[in-house]
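J.: What follows is start-v5.txt, compact mmCIF, C-alpha atoms.
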```txt
# COMPACT_ATOMS: atom_id res chain seq x y z
CA MET A 74 -57.37 50.54 -77.31
CA LYS A 75 -56.23 54.18 -77.04
CA LYS A 76 -54.92 54.05 -80.59
CA THR A 77 -58.22 52.64 -81.79
CA LEU A 78 -60.31 55.32 -80.08
CA THR A 79 -58.02 58.06 -81.35
CA PHE A 80 -58.31 56.76 -84.92
CA VAL A 81 -62.12 56.52 -84.77
CA LEU A 82 -62.51 59.98 -83.25
CA LEU A 83 -60.17 61.49 -85.84
CA LEU A 84 -62.19 59.88 -88.63
CA TRP A 85 -65.45 61.21 -87.22
CA LEU A 86 -64.07 64.73 -86.72
CA ILE A 87 -62.70 64.98 -90.25
CA VAL A 88 -65.95 63.70 -91.75
CA CYS A 89 -67.96 66.29 -89.80
CA LEU A 90 -65.69 69.12 -90.92
CA GLN A 91 -65.75 67.97 -94.54
CA THR A 92 -69.53 67.64 -94.57
CA ALA A 93 -70.07 71.05 -93.02
CA SER A 94 -67.84 72.92 -95.48
CA GLY A 95 -68.46 73.91 -99.08
CA GLN A 96 -72.01 72.62 -99.35
CA ASN A 97 -72.92 74.93 -102.23
CA LEU A 98 -69.89 74.19 -104.40
CA GLN A 99 -69.93 71.80 -107.35
CA THR A 100 -67.50 68.90 -107.36
CA ALA A 101 -64.39 68.52 -109.48
CA PHE A 102 -62.15 65.51 -110.16
CA GLU A 103 -65.11 63.17 -110.76
CA PHE A 104 -62.68 60.62 -112.25
CA THR A 105 -61.69 59.67 -108.69
CA ARG A 106 -65.08 57.91 -108.42
CA LEU A 107 -64.09 55.39 -111.11
CA PRO A 108 -63.59 51.84 -109.78
CA SER A 109 -60.05 50.47 -109.54
CA SER A 110 -60.80 46.99 -108.18
CA ALA A 111 -62.42 44.52 -110.59
CA HIS A 112 -63.55 42.41 -107.63
CA GLY A 113 -65.19 45.37 -105.90
CA ALA A 114 -66.77 46.55 -109.16
CA ALA A 115 -68.22 43.07 -109.77
CA LEU A 116 -69.95 43.24 -106.36
CA GLY A 117 -71.73 46.47 -107.19
CA GLY A 118 -69.10 49.18 -106.88
CA ASN A 119 -67.44 50.87 -103.93
CA VAL A 120 -66.97 47.77 -101.73
CA VAL A 121 -65.24 48.50 -98.39
CA SER A 122 -65.68 45.24 -96.44
CA ILE A 123 -64.00 42.28 -98.17
CA PRO A 124 -60.65 41.45 -96.51
CA ASP A 125 -59.10 39.50 -99.41
CA ALA A 126 -55.42 39.58 -100.30
CA ASP A 127 -56.17 41.76 -103.34
CA ILE A 128 -53.97 44.83 -103.66
CA ALA A 129 -56.59 46.82 -105.62
CA LEU A 130 -59.14 46.76 -102.80
CA PHE A 131 -57.36 49.29 -100.55
CA LEU A 132 -58.12 52.07 -103.04
CA SER A 133 -61.73 52.13 -101.75
CA ASN A 134 -60.84 51.47 -98.09
CA PRO A 135 -57.18 51.87 -97.02
CA ALA A 136 -57.75 49.51 -94.06
CA LEU A 137 -58.08 46.63 -96.56
CA LEU A 138 -54.35 46.93 -97.27
CA ALA A 139 -53.76 45.12 -93.97
CA GLY A 140 -55.10 41.96 -95.62
CA THR A 141 -52.11 41.74 -97.97
CA THR A 142 -49.22 39.66 -96.63
CA SER A 143 -46.50 39.94 -99.28
CA SER A 144 -44.83 42.56 -101.44
CA THR A 145 -47.10 42.90 -104.46
CA ILE A 146 -47.34 44.84 -107.71
CA GLY A 147 -50.79 45.48 -109.16
CA LEU A 148 -51.83 46.81 -112.57
CA ASN A 149 -55.31 47.80 -113.70
CA ALA A 150 -56.92 49.05 -116.90
CA MET A 151 -60.48 50.01 -117.76
CA THR A 152 -62.41 50.64 -120.95
CA TRP A 153 -64.68 53.63 -120.36
CA PHE A 154 -65.99 55.55 -123.36
CA ALA A 155 -64.87 56.70 -126.82
CA GLN A 156 -61.09 57.20 -126.96
CA THR A 157 -60.65 57.55 -123.19
CA LYS A 158 -57.91 55.40 -121.62
CA VAL A 159 -57.90 54.56 -117.91
CA ALA A 160 -54.97 52.78 -116.26
CA GLY A 161 -53.38 52.44 -112.83
CA ALA A 162 -50.64 50.74 -110.85
CA SER A 163 -50.02 49.90 -107.18
CA TRP A 164 -47.18 48.52 -105.11
CA SER A 165 -47.42 47.32 -101.53
CA SER A 166 -45.03 45.86 -98.98
CA PRO A 167 -45.15 44.87 -95.28
CA LEU A 168 -43.32 47.00 -92.73
CA ASP A 169 -43.65 44.49 -89.89
CA ASP A 170 -46.14 41.91 -88.63
CA ARG A 171 -48.87 44.51 -88.05
CA SER A 172 -48.37 47.24 -90.65
CA ARG A 173 -48.26 47.67 -94.43
CA TYR A 174 -47.61 50.53 -96.82
CA ALA A 175 -48.38 51.07 -100.50
CA PHE A 176 -48.04 53.48 -103.42
CA ASN A 177 -50.62 53.92 -106.14
CA ALA A 178 -51.13 55.90 -109.33
CA MET A 179 -54.08 56.40 -111.68
CA TYR A 180 -54.09 57.99 -115.13
CA VAL A 181 -57.01 59.00 -117.36
CA ASN A 182 -56.34 60.23 -120.91
CA TYR A 183 -59.33 61.65 -122.82
CA GLY A 184 -57.43 61.98 -126.10
CA LYS A 185 -57.69 64.94 -128.46
CA MET A 186 -60.64 67.32 -128.25
CA GLU A 187 -61.77 70.21 -130.43
CA GLY A 188 -61.35 73.64 -128.86
CA ARG A 189 -63.72 76.56 -129.43
CA ASP A 190 -63.80 80.13 -128.14
CA ALA A 191 -66.80 81.92 -126.59
CA SER A 192 -68.15 82.65 -130.09
CA GLY A 193 -68.02 79.00 -131.14
CA ILE A 194 -65.07 79.45 -133.49
CA GLU A 195 -62.68 76.49 -133.66
CA THR A 196 -59.31 77.12 -132.03
CA GLY A 197 -57.68 73.78 -132.84
CA THR A 198 -57.37 70.57 -130.87
CA PHE A 199 -56.09 70.05 -127.33
CA LYS A 200 -55.43 67.15 -124.96
CA SER A 201 -57.09 66.48 -121.59
CA LYS A 202 -55.91 64.18 -118.83
CA ASP A 203 -56.34 63.44 -115.13
CA MET A 204 -53.86 61.92 -112.69
CA GLU A 205 -53.85 60.75 -109.09
CA VAL A 206 -50.92 59.45 -107.02
CA GLY A 207 -51.01 58.37 -103.40
CA ILE A 208 -49.31 56.67 -100.48
CA THR A 209 -51.12 54.44 -97.97
CA TYR A 210 -50.32 53.15 -94.49
CA ALA A 211 -52.39 50.40 -92.83
CA TYR A 212 -52.05 49.02 -89.31
CA LYS A 213 -53.68 46.26 -87.25
CA LEU A 214 -55.09 48.30 -84.39
CA THR A 215 -56.30 45.16 -82.57
CA ASP A 216 -56.66 41.49 -83.49
CA ASN A 217 -60.10 42.28 -84.93
CA LEU A 218 -59.73 45.88 -86.13
CA ASP A 219 -57.60 47.27 -88.97
CA GLY A 220 -57.13 50.93 -89.83
CA GLY A 221 -55.61 52.72 -92.79
CA VAL A 222 -54.98 56.17 -94.22
CA THR A 223 -54.10 57.34 -97.75
CA GLY A 224 -52.75 60.70 -98.88
CA ASN A 225 -53.49 61.61 -102.52
CA PHE A 226 -52.16 64.22 -104.93
CA ILE A 227 -54.75 64.87 -107.66
CA CYS A 228 -54.16 66.81 -110.87
CA SER A 229 -56.22 67.64 -113.97
CA ARG A 230 -54.76 69.30 -117.07
CA TYR A 231 -57.04 70.43 -119.89
CA SER A 232 -55.21 72.17 -122.70
CA SER A 233 -52.94 74.74 -120.98
CA LYS A 234 -54.97 74.94 -117.76
CA THR A 235 -54.21 72.94 -114.62
CA SER A 236 -56.13 72.18 -111.43
CA ILE A 237 -54.56 70.54 -108.36
CA ALA A 238 -56.05 69.05 -105.20
CA VAL A 239 -54.90 67.16 -102.12
CA GLY A 240 -57.09 64.43 -100.65
CA VAL A 241 -57.05 61.98 -97.74
CA ASN A 242 -58.80 58.60 -97.43
CA ILE A 243 -59.37 57.03 -94.01
CA GLY A 244 -60.81 53.57 -93.33
CA LEU A 245 -61.56 50.91 -90.74
CA LEU A 246 -62.27 47.18 -91.02
CA TYR A 247 -63.75 45.14 -88.16
CA SER A 248 -63.69 41.34 -88.37
CA MET A 249 -65.82 38.80 -86.49
CA GLN A 250 -63.99 35.73 -87.71
CA ASP A 251 -66.04 33.24 -85.70
CA LYS A 252 -69.19 34.48 -87.48
CA GLY A 253 -67.68 35.04 -90.92
CA VAL A 254 -68.61 38.74 -90.80
CA THR A 255 -66.51 41.78 -91.72
CA ILE A 256 -67.65 45.41 -91.48
CA GLY A 257 -65.94 48.27 -93.26
CA LEU A 258 -66.13 52.06 -92.99
CA ALA A 259 -64.34 54.51 -95.27
CA ALA A 260 -64.22 58.26 -95.85
CA THR A 261 -62.58 59.17 -99.15
CA ASN A 262 -61.55 62.43 -100.77
CA LEU A 263 -61.27 64.46 -97.59
CA GLY A 264 -59.54 67.67 -98.63
CA GLY A 265 -59.84 70.20 -101.42
CA GLN A 266 -58.29 72.11 -104.29
CA VAL A 267 -55.09 74.09 -103.89
CA LYS A 268 -55.17 75.36 -107.49
CA ALA A 269 -58.35 75.78 -109.56
CA PHE A 270 -59.27 76.48 -113.18
CA GLU A 271 -59.84 80.23 -113.58
CA ASN A 272 -59.65 80.53 -109.76
CA THR A 273 -63.12 78.92 -109.47
CA PHE A 274 -62.70 76.54 -106.55
CA GLN A 275 -64.80 73.38 -106.26
CA LYS A 276 -65.13 70.50 -103.83
CA ILE A 277 -63.51 67.17 -104.58
CA PRO A 278 -66.09 64.33 -104.51
CA PHE A 279 -66.12 63.36 -100.83
CA ASN A 280 -67.70 60.00 -100.06
CA LEU A 281 -68.61 58.26 -96.79
CA SER A 282 -69.46 54.58 -97.15
CA THR A 283 -69.92 51.50 -95.02
CA GLY A 284 -70.51 47.86 -95.82
CA VAL A 285 -70.81 44.37 -94.41
CA SER A 286 -69.75 41.02 -95.86
CA TRP A 287 -70.89 37.65 -94.57
CA LYS A 288 -69.57 34.21 -95.48
CA PRO A 289 -71.78 31.42 -94.08
CA ALA A 290 -69.92 28.51 -92.53
CA HIS A 291 -69.40 25.54 -94.85
CA ALA A 292 -70.88 27.39 -97.85
CA PRO A 293 -68.95 28.53 -100.96
CA LEU A 294 -70.73 31.89 -100.88
CA ARG A 295 -70.13 35.37 -99.50
CA PHE A 296 -72.74 38.13 -99.47
CA THR A 297 -71.88 41.84 -99.46
CA LEU A 298 -74.03 44.92 -98.85
CA THR A 299 -72.62 48.43 -99.25
CA LEU A 300 -74.15 51.80 -98.34
CA ASP A 301 -72.54 54.61 -100.32
CA ARG A 302 -72.64 58.44 -100.32
CA LEU A 303 -73.92 58.56 -96.75
CA THR A 304 -73.73 62.35 -96.53
CA ASP A 305 -76.02 62.85 -99.56
CA TRP A 306 -79.68 62.82 -98.48
CA ASP A 307 -81.11 65.64 -100.57
CA ALA A 308 -83.13 64.59 -103.62
CA ASP A 309 -81.12 67.09 -105.68
CA ASP A 310 -78.01 64.98 -105.06
CA PHE A 311 -79.44 62.33 -107.40
CA TYR A 312 -81.12 62.13 -110.79
CA PHE A 313 -84.93 61.97 -110.86
CA THR A 314 -87.26 62.40 -113.83
CA ASP A 315 -90.44 62.44 -111.75
CA GLU A 316 -90.99 64.81 -108.82
CA GLU A 317 -93.30 62.23 -107.21
CA LYS A 318 -90.37 59.80 -106.82
CA ARG A 319 -88.41 62.12 -104.53
CA GLU A 320 -89.43 60.38 -101.32
CA PHE A 321 -87.11 58.96 -98.66
CA SER A 322 -87.44 55.33 -99.76
CA GLU A 323 -86.31 56.23 -103.30
CA ILE A 324 -83.36 58.22 -101.97
CA LEU A 325 -82.39 55.34 -99.65
CA LYS A 326 -82.31 52.90 -102.59
CA ARG A 327 -79.76 55.12 -104.31
CA HIS A 328 -77.29 54.53 -101.48
CA MET A 329 -77.34 50.74 -101.79
CA SER A 330 -75.39 48.14 -103.73
CA TYR A 331 -75.15 44.42 -103.12
CA GLY A 332 -73.28 41.43 -104.47
CA VAL A 333 -72.40 37.77 -103.99
CA ASP A 334 -69.22 35.73 -104.47
CA LEU A 335 -69.33 32.09 -105.51
CA PHE A 336 -66.09 30.32 -104.64
CA LEU A 337 -65.87 27.39 -107.07
CA THR A 338 -62.42 26.45 -105.73
CA GLU A 339 -59.89 28.03 -103.36
CA ARG A 340 -58.30 29.69 -106.40
CA PHE A 341 -61.26 30.66 -108.56
CA TYR A 342 -64.40 32.69 -107.89
CA LEU A 343 -67.34 34.19 -109.78
CA ALA A 344 -69.07 37.38 -108.61
CA ALA A 345 -72.19 39.34 -109.45
CA GLY A 346 -73.72 42.53 -108.07
CA CYS A 347 -76.09 45.42 -108.54
CA ASN A 348 -75.67 49.13 -107.90
CA LEU A 349 -79.21 50.41 -107.29
CA CYS A 350 -78.34 54.07 -107.82
CA ARG A 351 -76.80 53.40 -111.20
CA ARG A 352 -79.65 51.09 -112.19
CA LEU A 353 -82.43 53.50 -111.19
CA GLU A 354 -80.83 56.63 -112.65
CA MET A 355 -79.79 55.05 -115.95
CA SER A 356 -83.16 53.33 -116.31
CA GLU A 357 -84.83 56.73 -116.03
CA LYS A 358 -82.53 57.94 -118.80
CA GLY A 359 -83.78 55.16 -121.09
CA SER A 360 -81.24 52.37 -120.49
CA ARG A 361 -82.68 48.98 -119.58
CA GLY A 362 -81.63 45.35 -119.34
CA PHE A 363 -78.22 44.83 -117.72
CA THR A 364 -78.06 48.44 -116.49
CA GLY A 365 -76.63 48.68 -112.96
CA MET A 366 -75.71 44.99 -112.90
CA THR A 367 -72.10 43.81 -112.81
CA THR A 368 -70.35 40.46 -113.11
CA GLY A 369 -66.78 39.30 -112.67
CA ALA A 370 -64.33 36.50 -111.99
CA GLY A 371 -60.95 36.04 -110.34
CA LEU A 372 -58.14 33.52 -110.51
CA HIS A 373 -55.41 33.15 -107.85
CA LEU A 374 -52.21 31.26 -108.64
CA ASP A 375 -49.11 30.93 -106.49
CA ARG A 376 -47.57 34.28 -107.43
CA PHE A 377 -50.05 35.68 -109.94
CA SER A 378 -53.68 36.82 -109.75
CA PHE A 379 -56.07 37.94 -112.46
CA PHE A 380 -59.43 39.70 -111.96
CA VAL A 381 -61.99 40.95 -114.48
CA SER A 382 -65.38 42.65 -114.23
CA TYR A 383 -68.01 43.78 -116.70
CA GLY A 384 -70.56 46.52 -116.11
CA LYS A 385 -72.41 49.47 -117.58
CA TYR A 386 -71.49 52.84 -116.05
CA GLN A 387 -73.13 55.03 -118.68
CA VAL A 388 -76.05 54.81 -121.09
CA SER A 389 -74.07 54.48 -124.31
CA GLU A 390 -71.35 51.90 -123.56
CA SER A 391 -70.34 49.02 -121.29
CA SER A 392 -66.96 48.76 -119.55
CA LEU A 393 -64.39 46.09 -118.77
CA LEU A 394 -62.08 46.43 -115.77
CA LEU A 395 -58.96 44.27 -115.53
CA ASN A 396 -56.62 43.76 -112.54
CA ILE A 397 -53.35 41.84 -112.58
CA ALA A 398 -51.26 41.27 -109.44
CA PHE A 399 -47.76 39.82 -109.04
CA ILE A 400 -46.35 38.67 -105.68
CA LEU A 401 -42.65 39.56 -105.50
```
Represent the structure contained in this file as structure tokens.
T.:
Amino acid sequence: MKKTLTFVLLLWLIVCLQTASGQNLQTAFEFTRLPSSAHGAALGGNVVSIPDADIALFLSNPALLAGTTSSTIGLNAMTWFAQTKVAGASWSSPLDDRSRYAFNAMYVNYGKMEGRDASGIETGTFKSKDMEVGITYAYKLTDNLDGGVTGNFICSRYSSKTSIAVGVNIGLLYSMQDKGVTIGLAATNLGGQVKAFENTFQKIPFNLSTGVSWKPAHAPLRFTLTLDRLTDWDADDFYFTDEEKREFSEILKRHMSYGVDLFLTERFYLAAGCNLCRRLEMSEKGSRGFTGMTTGAGLHLDRFSFFVSYGKYQVSESSLLLNIAFIL
């Protein structure tokens, strides 16, 4: 119990310090908001409460690593826009009956871009890329409560200029197994830059999120609700085209995403979700139809798992996210 209280208090203290600092700075390293889990993306986005044995899930809540039971290698790739390439890899292994550790890496390559000086004169082409590497430790604090922490090294290199940051993710997962309910809480991107472009320091995109998942007894369904960006309550934190829409109810909607899993067999599922913030903001920019909605599927075999999701994260193009996992 002492370990649990210490972990919770540490999480709360760090969140308070992060929220209180740097309020007027813009954010850098926005690529860290990209989804890494196809299952989580299919349920609406930054899901922190599903305790499945899926190695990609711990990237949104490090406590979810405790749900993995074997040494596993995971690979992921995402189509984003134009010539941009997004890929990642993870490896996890148990330390003992109650703890797990993992390594992860993410790489974003934007391809060649045209360079221009302050007068608009072409200076040739250059390459731009982002990278994140991290190490995670997860521990079963009690029979019903898991905790986890991730340390990340984040780097962006555009042409000859480099920016570096250090971030920490902290998470908790509480399970009520008799009721089929799990509740997650995660604070991601705690930290800041240690080297900035042109010495102009910016925040990294801190996020506080919570969520609940419920699987009714004797039903092949699981429902998930996630509340995201819980420290952003100013209308200027979101995109609005109409000043009259900047009321609390509209801001609250932009924190919510929801999804449902349909388990057709023990090895195969379908999933669908909606991210209300993405749907509302992109609809106001002129995108309609499937905007903000996501779908996906997953297949578990004895030593191999495959996950895929489809969604629209920008007005111009849709994206596919693929996860592959191998149990060693």
J.: Per residue of segment 210-278 of chain A within 6 Å of segment 283-286 of chain A, note the shortest atom pair and the distance in Å to one decimal, counting all atoms listed in the file, and order the rows by chain and increasing residue number, as JSON lines.
T.:
```
{"residue": "A:Val254", "atom": "CA", "partner": "A:Ser286", "partner_atom": "CA", "distance": 5.7}
{"residue": "A:Thr255", "atom": "CA", "partner": "A:Ser286", "partner_atom": "CA", "distance": 5.3}
{"residue": "A:Ile256", "atom": "CA", "partner": "A:Val285", "partner_atom": "CA", "distance": 4.4}
{"residue": "A:Gly257", "atom": "CA", "partner": "A:Gly284", "partner_atom": "CA", "distance": 5.3}
{"residue": "A:Leu258", "atom": "CA", "partner": "A:Thr283", "partner_atom": "CA", "distance": 4.3}
```
J.: What lies within 8 Å of Tyr231 of chain A using only C-alpha atoms, ignoring chain neighbours under 4 positions off, as a PDB file with C-alpha atoms, in the frame of the given file?
T.:
```
ATOM      1  CA  PHE A 199     -56.090  70.050-127.330  1.00  0.00           C
ATOM      2  CA  LYS A 200     -55.430  67.150-124.960  1.00  0.00           C
ATOM      3  CA  SER A 201     -57.090  66.480-121.590  1.00  0.00           C
ATOM      4  CA  LYS A 202     -55.910  64.180-118.830  1.00  0.00           C
ATOM      5  CA  THR A 235     -54.210  72.940-114.620  1.00  0.00           C
TER       6      THR A 235
END
```
J.: Compare A:Gly265, A:Gly371, A:Gly221, A:Gly253 by their minimum atom-to-atom distance to His291 of chain A, counting only C-alpha atoms, and give me the closest one.
T.: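 The closest residue to His291 of chain A is A:Gly253.
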J.: Could you state the separation of atom CA of Leu349 of chain A and atom CA of Ile277 of chain A in Å, given to one decimal place?
T.: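 Distance reported for this atom pair: 23.1 Å.
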J.: Please determine, counting all atoms listed in the file, which residue among A:Leu281, A:Leu325, A:Leu337, A:Val239 has the shortest atom-to-atom distance to Asn119 of chain A.
T.: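 Closest residue, counting all atoms listed in the file: A:Leu281.
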J.: Nearest residue to Asn396 of chain A out of A:Gly207, A:Gly369, A:Pro135, A:Gly220, using only C-alpha atoms?
T.: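 Checking each candidate against Asn396 of chain A, we get A:Gly369 as the closest.
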J.: Atom CA of Ala290 of chain A and atom CA of Thr338 of chain A are how many Å apart?
T.: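 Rounded to one decimal, the two atoms are 15.3 Å apart.
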